[in-house]
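For reference, the structure discussed in these notes is given below.
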Amino acid sequence: MSSDFPLSKINRRVLISGMALLPVVSGMPLTGIAQAQTTLGGSLASWNDGAAKQAIIDFVKATTDQGSPKFVPPEERIATFDQDGTLWVEHPIYSQVVYCLDRVPAVVEKDPKLKNVEPFKTVLSGNREAIAKLSLHDLEKILATTLTGMSVEEFTAEATKWLAAAKDPRWKRPYTDLIYQPMLEVMQYLRGNGFKTYIVTGGGQDFVRVHSGRVYGVPPEQVVGTAGGTKFGYHKDGQPFLTKEPRLLLNDDKAGKPEGIHLMIGRRPYAAFGNSDGDRQMLEYTGAGDGARLMMLVMHDDAKREYAYGPAQGLPASKVGTFTQALYDEAKKKSWTVISMKNDWKRIFAFDQTA
(Lines give C-alpha, C1' and ligand atoms only; values in the text may rest on other atoms or scores of the structure.)
Protein backbone atom coordinates (compact mmCIF):
# COMPACT_ATOMS: atom_id res chain seq x y z
CA MET A 1 0.00 0.00 0.00
CA SER A 2 1.27 3.45 -0.85
CA SER A 3 2.31 5.60 2.10
CA ASP A 4 2.73 8.90 0.31
CA PHE A 5 -0.37 10.50 1.80
CA PRO A 6 0.94 14.00 2.69
CA LEU A 7 -0.22 13.89 6.28
CA SER A 8 2.71 16.02 7.41
CA LYS A 9 0.68 18.97 6.17
CA ILE A 10 -1.96 18.21 8.80
CA ASN A 11 0.14 19.85 11.47
CA ARG A 12 -2.57 20.06 14.14
CA ARG A 13 -3.33 16.37 14.23
CA VAL A 14 0.10 14.94 15.00
CA LEU A 15 1.69 14.50 18.40
CA ILE A 16 4.22 11.72 18.60
CA SER A 17 5.20 12.45 22.19
CA GLY A 18 1.72 11.52 23.40
CA MET A 19 1.99 7.97 22.08
CA ALA A 20 3.50 6.79 25.34
CA LEU A 21 0.07 7.20 26.92
CA LEU A 22 -1.85 4.83 24.67
CA PRO A 23 -4.95 3.32 26.25
CA VAL A 24 -5.67 -0.35 26.65
CA VAL A 25 -8.44 -1.45 24.31
CA SER A 26 -11.26 -3.34 25.97
CA GLY A 27 -14.66 -4.60 25.05
CA MET A 28 -16.95 -2.10 26.77
CA PRO A 29 -19.91 -1.35 24.45
CA LEU A 30 -21.12 2.13 23.63
CA THR A 31 -24.29 3.41 25.20
CA GLY A 32 -26.75 5.94 23.86
CA ILE A 33 -24.48 8.84 24.78
CA ALA A 34 -26.26 11.65 22.96
CA GLN A 35 -29.67 10.58 24.22
CA ALA A 36 -28.46 10.30 27.80
CA GLN A 37 -26.74 13.66 27.72
CA THR A 38 -29.68 15.52 26.24
CA THR A 39 -31.86 14.71 29.24
CA LEU A 40 -29.62 16.38 31.81
CA GLY A 41 -31.27 19.64 32.83
CA GLY A 42 -32.62 22.47 30.74
CA SER A 43 -31.00 24.91 28.34
CA LEU A 44 -27.39 25.62 29.27
CA ALA A 45 -27.94 23.92 32.62
CA SER A 46 -24.27 22.97 32.95
CA TRP A 47 -23.11 26.58 32.62
CA ASN A 48 -22.45 28.93 35.51
CA ASP A 49 -24.04 32.34 35.22
CA GLY A 50 -21.52 34.76 33.79
CA ALA A 51 -20.32 36.58 30.70
CA ALA A 52 -19.82 33.44 28.58
CA LYS A 53 -23.29 32.05 29.18
CA GLN A 54 -24.86 35.48 28.73
CA ALA A 55 -23.04 35.98 25.42
CA ILE A 56 -24.71 32.86 24.04
CA ILE A 57 -28.15 33.90 25.26
CA ASP A 58 -27.79 37.45 23.96
CA PHE A 59 -26.59 36.21 20.57
CA VAL A 60 -29.52 33.85 20.14
CA LYS A 61 -32.00 36.52 21.20
CA ALA A 62 -30.55 39.08 18.78
CA THR A 63 -30.52 36.71 15.81
CA THR A 64 -33.91 35.03 16.30
CA ASP A 65 -36.14 37.94 17.41
CA GLN A 66 -37.91 39.20 14.28
CA GLY A 67 -38.06 42.65 15.81
CA SER A 68 -34.29 42.77 16.24
CA PRO A 69 -32.18 44.74 13.75
CA LYS A 70 -29.76 41.80 13.86
CA PHE A 71 -32.41 39.18 13.01
CA VAL A 72 -31.05 36.32 10.89
CA PRO A 73 -33.40 34.34 8.61
CA PRO A 74 -33.57 30.66 9.60
CA GLU A 75 -31.93 29.46 6.38
CA GLU A 76 -28.83 31.55 7.17
CA ARG A 77 -28.40 30.41 10.77
CA ILE A 78 -25.15 28.47 10.65
CA ALA A 79 -22.93 27.57 13.63
CA THR A 80 -19.63 25.71 13.33
CA PHE A 81 -17.79 23.76 16.01
CA ASP A 82 -14.28 22.40 16.09
CA GLN A 83 -14.26 18.91 17.61
CA ASP A 84 -10.98 17.99 19.36
CA GLY A 85 -10.61 20.08 22.50
CA THR A 86 -13.86 21.94 21.78
CA LEU A 87 -16.43 19.15 21.90
CA TRP A 88 -14.44 16.28 23.41
CA VAL A 89 -11.12 15.52 25.10
CA GLU A 90 -7.99 15.81 22.96
CA HIS A 91 -5.28 15.17 25.57
CA PRO A 92 -2.82 13.57 25.87
CA ILE A 93 -3.18 12.50 22.23
CA TYR A 94 -5.88 12.79 19.57
CA SER A 95 -8.24 9.83 19.63
CA GLN A 96 -7.89 9.22 15.90
CA VAL A 97 -4.11 8.77 16.28
CA VAL A 98 -4.80 6.20 19.01
CA TYR A 99 -7.20 4.48 16.61
CA CYS A 100 -4.53 4.29 13.92
CA LEU A 101 -1.95 2.81 16.29
CA ASP A 102 -4.46 0.29 17.62
CA ARG A 103 -5.21 -0.75 14.02
CA VAL A 104 -1.60 -1.74 13.27
CA PRO A 105 -1.92 -5.40 14.41
CA ALA A 106 -4.89 -5.95 12.11
CA VAL A 107 -3.08 -4.33 9.19
CA VAL A 108 0.00 -6.51 9.76
CA GLU A 109 -2.18 -9.61 9.96
CA LYS A 110 -3.44 -8.86 6.45
CA ASP A 111 0.05 -8.00 5.20
CA PRO A 112 2.51 -10.12 7.26
CA LYS A 113 5.59 -8.70 5.55
CA LEU A 114 5.05 -5.49 7.54
CA LYS A 115 5.75 -7.36 10.78
CA ASN A 116 9.49 -6.72 10.55
CA VAL A 117 9.25 -3.36 8.84
CA GLU A 118 9.51 -0.07 10.72
CA PRO A 119 7.57 1.67 12.14
CA PHE A 120 5.10 -1.22 12.37
CA LYS A 121 7.65 -3.40 14.13
CA THR A 122 8.05 -0.81 16.89
CA VAL A 123 4.29 -0.38 17.35
CA LEU A 124 3.82 -4.16 17.58
CA SER A 125 6.53 -4.35 20.25
CA GLY A 126 4.34 -2.42 22.66
CA ASN A 127 7.38 -0.50 23.88
CA ARG A 128 5.83 2.84 24.74
CA GLU A 129 9.12 4.67 25.04
CA ALA A 130 10.13 3.52 21.56
CA ILE A 131 6.73 4.39 20.14
CA ALA A 132 6.99 7.88 21.60
CA LYS A 133 10.26 8.38 19.71
CA LEU A 134 8.83 7.54 16.28
CA SER A 135 9.45 10.25 13.72
CA LEU A 136 6.81 12.26 11.92
CA HIS A 137 7.55 10.30 8.75
CA ASP A 138 6.97 7.06 10.66
CA LEU A 139 3.65 8.33 11.89
CA GLU A 140 2.68 9.29 8.34
CA LYS A 141 3.27 5.71 7.25
CA ILE A 142 1.04 4.41 10.05
CA LEU A 143 -1.77 6.86 9.32
CA ALA A 144 -1.67 6.21 5.58
CA THR A 145 -1.69 2.44 6.05
CA THR A 146 -4.48 2.33 8.59
CA LEU A 147 -6.78 4.97 7.05
CA THR A 148 -6.66 3.99 3.36
CA GLY A 149 -6.73 0.99 1.05
CA MET A 150 -10.15 -0.22 2.15
CA SER A 151 -13.72 0.44 1.14
CA VAL A 152 -15.64 3.24 2.81
CA GLU A 153 -17.93 0.63 4.36
CA GLU A 154 -15.01 -1.36 5.76
CA PHE A 155 -13.53 1.76 7.33
CA THR A 156 -16.86 2.71 8.90
CA ALA A 157 -17.28 -0.76 10.34
CA GLU A 158 -13.76 -0.83 11.79
CA ALA A 159 -14.00 2.66 13.28
CA THR A 160 -17.39 1.84 14.79
CA LYS A 161 -15.99 -1.32 16.33
CA TRP A 162 -13.02 0.55 17.79
CA LEU A 163 -15.15 3.33 19.28
CA ALA A 164 -17.28 0.68 20.96
CA ALA A 165 -14.28 -0.93 22.62
CA ALA A 166 -11.49 1.60 23.21
CA LYS A 167 -11.26 3.41 26.53
CA ASP A 168 -9.45 6.56 27.55
CA PRO A 169 -6.64 5.65 29.99
CA ARG A 170 -7.54 8.29 32.58
CA TRP A 171 -11.30 7.94 32.89
CA LYS A 172 -11.53 4.28 31.80
CA ARG A 173 -14.50 5.21 29.63
CA PRO A 174 -15.19 5.11 25.88
CA TYR A 175 -13.92 8.20 24.09
CA THR A 176 -17.50 9.05 23.18
CA ASP A 177 -18.27 9.44 26.89
CA LEU A 178 -15.77 12.29 27.07
CA ILE A 179 -18.01 14.87 25.44
CA TYR A 180 -18.19 18.30 27.04
CA GLN A 181 -21.73 18.51 28.37
CA PRO A 182 -21.86 22.35 28.29
CA MET A 183 -20.90 22.38 24.60
CA LEU A 184 -23.47 19.73 23.79
CA GLU A 185 -26.06 21.96 25.47
CA VAL A 186 -24.95 24.91 23.31
CA MET A 187 -25.45 22.82 20.18
CA GLN A 188 -28.91 21.79 21.34
CA TYR A 189 -29.77 25.36 22.35
CA LEU A 190 -28.78 26.68 18.95
CA ARG A 191 -30.65 23.95 17.09
CA GLY A 192 -33.70 24.64 19.22
CA ASN A 193 -33.55 28.21 17.93
CA GLY A 194 -33.33 27.34 14.26
CA PHE A 195 -29.57 27.07 13.79
CA LYS A 196 -27.85 24.32 11.82
CA THR A 197 -24.82 23.02 13.69
CA TYR A 198 -21.76 21.83 11.77
CA ILE A 199 -18.58 20.18 12.99
CA VAL A 200 -15.53 21.71 11.28
CA THR A 201 -12.51 19.71 12.35
CA GLY A 202 -8.89 19.09 11.47
CA GLY A 203 -9.58 15.43 12.24
CA GLY A 204 -10.50 12.91 9.60
CA GLN A 205 -13.90 13.63 8.08
CA ASP A 206 -14.83 9.96 7.69
CA PHE A 207 -13.74 9.14 11.25
CA VAL A 208 -15.86 11.90 12.81
CA ARG A 209 -18.86 11.03 10.65
CA VAL A 210 -18.94 7.58 12.21
CA HIS A 211 -20.03 8.96 15.60
CA SER A 212 -21.24 12.53 14.98
CA GLY A 213 -24.94 11.73 14.70
CA ARG A 214 -25.12 9.49 17.74
CA VAL A 215 -22.91 11.61 19.97
CA TYR A 216 -23.59 15.21 18.93
CA GLY A 217 -26.82 15.01 16.97
CA VAL A 218 -24.90 16.25 13.92
CA PRO A 219 -25.59 14.19 10.77
CA PRO A 220 -22.61 13.09 8.64
CA GLU A 221 -23.42 15.56 5.88
CA GLN A 222 -22.84 18.36 8.40
CA VAL A 223 -19.29 17.26 9.22
CA VAL A 224 -16.46 19.11 7.46
CA GLY A 225 -13.08 17.57 8.15
CA THR A 226 -9.73 16.68 6.68
CA ALA A 227 -10.67 14.56 3.69
CA GLY A 228 -8.82 12.05 1.57
CA GLY A 229 -9.69 10.90 -1.90
CA THR A 230 -11.78 7.90 -2.88
CA LYS A 231 -11.84 5.79 -6.03
CA PHE A 232 -14.93 4.26 -7.58
CA GLY A 233 -14.80 0.62 -8.63
CA TYR A 234 -16.71 -2.66 -8.86
CA HIS A 235 -16.57 -5.90 -6.92
CA LYS A 236 -16.38 -9.17 -8.82
CA ASP A 237 -20.15 -9.49 -8.51
CA GLY A 238 -20.61 -6.12 -10.20
CA GLN A 239 -21.53 -4.18 -7.07
CA PRO A 240 -20.05 -0.66 -7.01
CA PHE A 241 -17.97 0.61 -4.10
CA LEU A 242 -15.57 3.38 -3.06
CA THR A 243 -11.98 2.74 -1.93
CA LYS A 244 -10.25 5.19 0.40
CA GLU A 245 -7.03 6.40 -1.24
CA PRO A 246 -3.81 7.99 0.16
CA ARG A 247 -4.63 11.29 -1.52
CA LEU A 248 -5.34 14.49 0.42
CA LEU A 249 -8.28 16.55 -0.80
CA LEU A 250 -8.80 19.00 2.07
CA ASN A 251 -6.56 19.84 5.03
CA ASP A 252 -9.27 21.24 7.27
CA ASP A 253 -7.05 23.06 9.72
CA LYS A 254 -6.18 26.76 10.15
CA ALA A 255 -6.87 28.51 6.80
CA GLY A 256 -8.30 25.22 5.58
CA LYS A 257 -11.28 25.66 7.90
CA PRO A 258 -12.86 28.70 6.22
CA GLU A 259 -11.90 27.17 2.88
CA GLY A 260 -13.68 23.97 3.86
CA ILE A 261 -16.68 25.90 5.14
CA HIS A 262 -17.07 27.65 1.80
CA LEU A 263 -16.57 24.40 -0.12
CA MET A 264 -18.90 22.21 1.95
CA ILE A 265 -21.43 24.62 3.49
CA GLY A 266 -21.48 27.63 1.17
CA ARG A 267 -22.49 30.11 3.88
CA ARG A 268 -20.44 32.14 6.35
CA PRO A 269 -21.22 31.02 9.93
CA TYR A 270 -22.86 33.40 12.38
CA ALA A 271 -21.31 31.51 15.30
CA ALA A 272 -18.02 29.63 15.56
CA PHE A 273 -16.49 27.69 18.44
CA GLY A 274 -12.89 26.51 18.81
CA ASN A 275 -10.12 26.04 21.34
CA SER A 276 -6.77 26.46 19.63
CA ASP A 277 -4.60 28.27 17.10
CA GLY A 278 -5.95 25.88 14.48
CA ASP A 279 -9.36 27.53 14.83
CA ARG A 280 -8.22 31.14 14.57
CA GLN A 281 -9.00 31.62 10.88
CA MET A 282 -12.46 30.09 11.28
CA LEU A 283 -13.31 32.62 14.00
CA GLU A 284 -11.82 35.48 12.01
CA TYR A 285 -13.86 34.48 8.95
CA THR A 286 -17.02 34.28 11.04
CA GLY A 287 -16.41 37.64 12.70
CA ALA A 288 -15.83 39.38 9.36
CA GLY A 289 -19.52 39.03 8.48
CA ASP A 290 -22.24 41.61 9.09
CA GLY A 291 -24.72 41.61 11.95
CA ALA A 292 -24.52 39.72 15.21
CA ARG A 293 -21.66 37.23 15.38
CA LEU A 294 -20.56 34.92 18.16
CA MET A 295 -16.96 33.72 18.37
CA MET A 296 -15.97 31.57 21.36
CA LEU A 297 -12.79 29.78 22.43
CA VAL A 298 -12.64 27.05 25.06
CA MET A 299 -9.68 27.51 27.42
CA HIS A 300 -8.47 24.35 29.13
CA ASP A 301 -7.65 25.67 32.60
CA ASP A 302 -9.07 22.93 34.83
CA ALA A 303 -6.37 20.37 35.61
CA LYS A 304 -8.50 18.73 38.29
CA ARG A 305 -11.62 17.97 36.26
CA GLU A 306 -9.94 17.74 32.83
CA TYR A 307 -6.57 19.22 31.76
CA ALA A 308 -4.78 22.58 31.87
CA TYR A 309 -2.75 23.71 28.87
CA GLY A 310 -2.11 26.78 26.78
CA PRO A 311 0.45 28.34 26.90
CA ALA A 312 -1.85 31.39 27.06
CA GLN A 313 -2.18 33.06 30.46
CA GLY A 314 0.74 31.11 31.86
CA LEU A 315 -0.81 27.67 31.38
CA PRO A 316 1.51 24.76 30.51
CA ALA A 317 2.63 24.67 26.88
CA SER A 318 1.19 21.99 24.64
CA LYS A 319 1.60 20.74 21.08
CA VAL A 320 -1.92 19.31 21.24
CA GLY A 321 -4.58 21.99 21.04
CA THR A 322 -2.11 24.85 21.40
CA PHE A 323 -3.78 28.05 22.67
CA THR A 324 -1.10 30.74 22.40
CA GLN A 325 -1.00 34.06 24.17
CA ALA A 326 -1.23 35.71 20.74
CA LEU A 327 -4.57 33.99 20.14
CA TYR A 328 -5.78 35.03 23.59
CA ASP A 329 -4.76 38.64 22.92
CA GLU A 330 -6.54 38.60 19.57
CA ALA A 331 -9.67 37.25 21.23
CA LYS A 332 -9.68 40.07 23.76
CA LYS A 333 -8.98 42.69 21.10
CA LYS A 334 -11.80 41.47 18.87
CA SER A 335 -14.28 40.80 21.72
CA TRP A 336 -14.34 37.07 21.21
CA THR A 337 -15.48 35.18 24.28
CA VAL A 338 -12.94 32.97 26.03
CA ILE A 339 -14.68 30.19 27.94
CA SER A 340 -12.97 29.13 31.17
CA MET A 341 -13.65 25.45 31.78
CA LYS A 342 -12.82 26.01 35.44
CA ASN A 343 -15.08 29.01 36.01
CA ASP A 344 -17.82 28.84 33.38
CA TRP A 345 -18.79 25.16 33.54
CA LYS A 346 -20.65 23.56 36.42
CA ARG A 347 -19.91 20.13 35.01
CA ILE A 348 -17.58 19.06 32.23
CA PHE A 349 -18.94 15.62 31.39
CA ALA A 350 -22.43 14.16 31.62
CA PHE A 351 -21.18 11.68 34.21
CA ASP A 352 -19.85 14.44 36.50
CA GLN A 353 -21.66 14.84 39.79
CA THR A 354 -20.46 18.38 40.40
CA ALA A 355 -23.28 20.35 38.77
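Naming works like this for the C-alpha coordinates: A, B, ... for the chains as they're shown, residue 1 at the start of each chain, ligands 1 onward in shown order.
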* Please give the complete set of residues from stretch 210-241 of chain A that DSSP, run on the backbone, assigns to helix (DSSP H, G or I), formatted as a PyMOL selection string. => chain A and resi 210-216+220-222
So that I can check the surroundings of A:Met299, please list as a PDB file with all heavy atoms, in the first residue's frame every protein, DNA and RNA residue that reaches within 9 Å of it, counting only C-alpha atoms and ignoring chain neighbours fewer than 5 positions away.
ATOM      1  N   GLY A  85     -10.889  19.018  21.537  1.00  0.00           N
ATOM      2  CA  GLY A  85     -10.613  20.078  22.498  1.00  0.00           C
ATOM      3  C   GLY A  85     -11.724  21.093  22.630  1.00  0.00           C
ATOM      4  O   GLY A  85     -11.715  21.905  23.558  1.00  0.00           O
ATOM      5  N   THR A  86     -12.703  21.044  21.717  1.00  0.00           N
ATOM      6  CA  THR A  86     -13.865  21.943  21.778  1.00  0.00           C
ATOM      7  C   THR A  86     -15.116  21.179  22.146  1.00  0.00           C
ATOM      8  O   THR A  86     -15.939  21.656  22.931  1.00  0.00           O
ATOM      9  CB  THR A  86     -14.068  22.656  20.426  1.00  0.00           C
ATOM     10  OG1 THR A  86     -12.901  23.408  20.105  1.00  0.00           O
ATOM     11  CG2 THR A  86     -15.266  23.588  20.471  1.00  0.00           C
ATOM     12  N   ASN A 275     -10.893  26.078  20.096  1.00  0.00           N
ATOM     13  CA  ASN A 275     -10.120  26.045  21.336  1.00  0.00           C
ATOM     14  C   ASN A 275      -8.622  26.232  21.117  1.00  0.00           C
ATOM     15  O   ASN A 275      -7.855  26.218  22.081  1.00  0.00           O
ATOM     16  CB  ASN A 275     -10.320  24.713  22.064  1.00  0.00           C
ATOM     17  CG  ASN A 275      -9.519  23.576  21.434  1.00  0.00           C
ATOM     18  OD1 ASN A 275      -9.790  23.183  20.293  1.00  0.00           O
ATOM     19  ND2 ASN A 275      -8.532  23.057  22.139  1.00  0.00           N
ATOM     20  N   SER A 276      -8.203  26.424  19.857  1.00  0.00           N
ATOM     21  CA  SER A 276      -6.769  26.456  19.626  1.00  0.00           C
ATOM     22  C   SER A 276      -6.400  27.356  18.458  1.00  0.00           C
ATOM     23  O   SER A 276      -7.269  27.883  17.756  1.00  0.00           O
ATOM     24  CB  SER A 276      -6.255  25.036  19.348  1.00  0.00           C
ATOM     25  OG  SER A 276      -6.607  24.635  18.028  1.00  0.00           O
ATOM     26  N   ALA A 308      -5.124  21.161  31.960  1.00  0.00           N
ATOM     27  CA  ALA A 308      -4.783  22.577  31.871  1.00  0.00           C
ATOM     28  C   ALA A 308      -3.613  22.722  30.911  1.00  0.00           C
ATOM     29  O   ALA A 308      -2.557  22.136  31.119  1.00  0.00           O
ATOM     30  CB  ALA A 308      -4.414  23.130  33.241  1.00  0.00           C
ATOM     31  N   TYR A 309      -3.821  23.488  29.836  1.00  0.00           N
ATOM     32  CA  TYR A 309      -2.746  23.713  28.867  1.00  0.00           C
ATOM     33  C   TYR A 309      -3.037  24.956  28.059  1.00  0.00           C
ATOM     34  O   TYR A 309      -4.170  25.393  27.949  1.00  0.00           O
ATOM     35  CB  TYR A 309      -2.559  22.501  27.951  1.00  0.00           C
ATOM     36  CG  TYR A 309      -3.794  21.990  27.234  1.00  0.00           C
ATOM     37  CD1 TYR A 309      -4.088  22.385  25.930  1.00  0.00           C
ATOM     38  CD2 TYR A 309      -4.660  21.074  27.846  1.00  0.00           C
ATOM     39  CE1 TYR A 309      -5.201  21.889  25.264  1.00  0.00           C
ATOM     40  CE2 TYR A 309      -5.772  20.578  27.196  1.00  0.00           C
ATOM     41  CZ  TYR A 309      -6.042  20.981  25.900  1.00  0.00           C
ATOM     42  OH  TYR A 309      -7.150  20.481  25.245  1.00  0.00           O
ATOM     43  N   GLY A 310      -1.996  25.536  27.504  1.00  0.00           N
ATOM     44  CA  GLY A 310      -2.110  26.780  26.776  1.00  0.00           C
ATOM     45  C   GLY A 310      -1.171  26.855  25.597  1.00  0.00           C
ATOM     46  O   GLY A 310      -1.399  26.171  24.611  1.00  0.00           O
ATOM     47  N   ALA A 312      -1.260  30.094  26.719  1.00  0.00           N
ATOM     48  CA  ALA A 312      -1.855  31.389  27.058  1.00  0.00           C
ATOM     49  C   ALA A 312      -2.069  31.513  28.563  1.00  0.00           C
ATOM     50  O   ALA A 312      -2.343  30.532  29.253  1.00  0.00           O
ATOM     51  CB  ALA A 312      -3.180  31.557  26.332  1.00  0.00           C
ATOM     52  N   PHE A 323      -3.051  26.782  22.522  1.00  0.00           N
ATOM     53  CA  PHE A 323      -3.777  28.051  22.666  1.00  0.00           C
ATOM     54  C   PHE A 323      -2.725  29.075  23.084  1.00  0.00           C
ATOM     55  O   PHE A 323      -2.382  29.198  24.252  1.00  0.00           O
ATOM     56  CB  PHE A 323      -4.855  27.898  23.729  1.00  0.00           C
ATOM     57  CG  PHE A 323      -5.842  29.040  23.826  1.00  0.00           C
ATOM     58  CD1 PHE A 323      -7.164  28.796  24.149  1.00  0.00           C
ATOM     59  CD2 PHE A 323      -5.474  30.361  23.605  1.00  0.00           C
ATOM     60  CE1 PHE A 323      -8.089  29.826  24.249  1.00  0.00           C
ATOM     61  CE2 PHE A 323      -6.381  31.407  23.698  1.00  0.00           C
ATOM     62  CZ  PHE A 323      -7.699  31.133  24.028  1.00  0.00           C
ATOM     63  N   VAL A 338     -13.775  34.094  25.601  1.00  0.00           N
ATOM     64  CA  VAL A 338     -12.940  32.974  26.033  1.00  0.00           C
ATOM     65  C   VAL A 338     -13.657  32.262  27.176  1.00  0.00           C
ATOM     66  O   VAL A 338     -13.955  32.857  28.212  1.00  0.00           O
ATOM     67  CB  VAL A 338     -11.550  33.453  26.492  1.00  0.00           C
ATOM     68  CG1 VAL A 338     -10.727  32.277  27.015  1.00  0.00           C
ATOM     69  CG2 VAL A 338     -10.813  34.132  25.333  1.00  0.00           C
ATOM     70  N   ILE A 339     -13.962  31.001  26.962  1.00  0.00           N
ATOM     71  CA  ILE A 339     -14.675  30.189  27.944  1.00  0.00           C
ATOM     72  C   ILE A 339     -13.667  29.542  28.891  1.00  0.00           C
ATOM     73  O   ILE A 339     -12.762  28.829  28.453  1.00  0.00           O
ATOM     74  CB  ILE A 339     -15.496  29.082  27.247  1.00  0.00           C
ATOM     75  CG1 ILE A 339     -16.528  29.689  26.295  1.00  0.00           C
ATOM     76  CG2 ILE A 339     -16.166  28.176  28.271  1.00  0.00           C
ATOM     77  CD1 ILE A 339     -17.109  28.678  25.307  1.00  0.00           C
ATOM     78  N   SER A 340     -13.811  29.784  30.166  1.00  0.00           N
ATOM     79  CA  SER A 340     -12.973  29.129  31.167  1.00  0.00           C
ATOM     80  C   SER A 340     -13.668  27.847  31.620  1.00  0.00           C
ATOM     81  O   SER A 340     -14.751  27.899  32.203  1.00  0.00           O
ATOM     82  CB  SER A 340     -12.756  30.052  32.372  1.00  0.00           C
ATOM     83  OG  SER A 340     -12.240  29.328  33.473  1.00  0.00           O
ATOM     84  N   MET A 341     -13.054  26.706  31.335  1.00  0.00           N
ATOM     85  CA  MET A 341     -13.648  25.446  31.779  1.00  0.00           C
ATOM     86  C   MET A 341     -13.802  25.436  33.304  1.00  0.00           C
ATOM     87  O   MET A 341     -14.781  24.918  33.839  1.00  0.00           O
ATOM     88  CB  MET A 341     -12.790  24.262  31.331  1.00  0.00           C
ATOM     89  CG  MET A 341     -12.686  24.086  29.837  1.00  0.00           C
ATOM     90  SD  MET A 341     -11.678  22.664  29.348  1.00  0.00           S
ATOM     91  CE  MET A 341     -12.829  21.329  29.589  1.00  0.00           C
ATOM     92  N   LYS A 342     -12.832  26.020  33.970  1.00  0.00           N
ATOM     93  CA  LYS A 342     -12.824  26.013  35.436  1.00  0.00           C
ATOM     94  C   LYS A 342     -13.928  26.882  36.014  1.00  0.00           C
ATOM     95  O   LYS A 342     -14.588  26.500  37.001  1.00  0.00           O
ATOM     96  CB  LYS A 342     -11.460  26.483  35.931  1.00  0.00           C
ATOM     97  CG  LYS A 342     -11.285  26.429  37.434  1.00  0.00           C
ATOM     98  CD  LYS A 342      -9.865  26.828  37.828  1.00  0.00           C
ATOM     99  CE  LYS A 342      -9.647  26.724  39.324  1.00  0.00           C
ATOM    100  NZ  LYS A 342      -8.251  27.096  39.702  1.00  0.00           N
TER     101      LYS A 342
END
* **Shell of 6 Å around stretch 277-285 of chain A, only C-alpha atoms, local chain residues under 4 positions omitted, as a list in words** => Asp253, Lys254, Ala255, Lys257, Pro258, Ala272, Met295 and Phe323 of chain A
* Using only C-alpha atoms, determine which residues lie at most 10 Å from A:Gln325, disregarding the query and same-chain residues fewer than 3 positions distant; provide the list as a PyMOL selection string. => chain A and resi 277+310-315+322+328-331
* Asked: In Å, how far is it from atom CA of A:Trp162 to atom CA of A:Gln239?
  ->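 Rounded to one decimal, the two atoms are 26.7 Å apart.
Reported to one decimal place, the separation of atom CA of A:Phe241 from atom CA of A:Tyr198 is 26.8 Å.
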* Structure fact -> Nearest to A:Ala159, restricted to only C-alpha atoms and choosing among A:Glu76, A:Asp177, A:Asp102, A:Asp252, comes out as A:Asp102
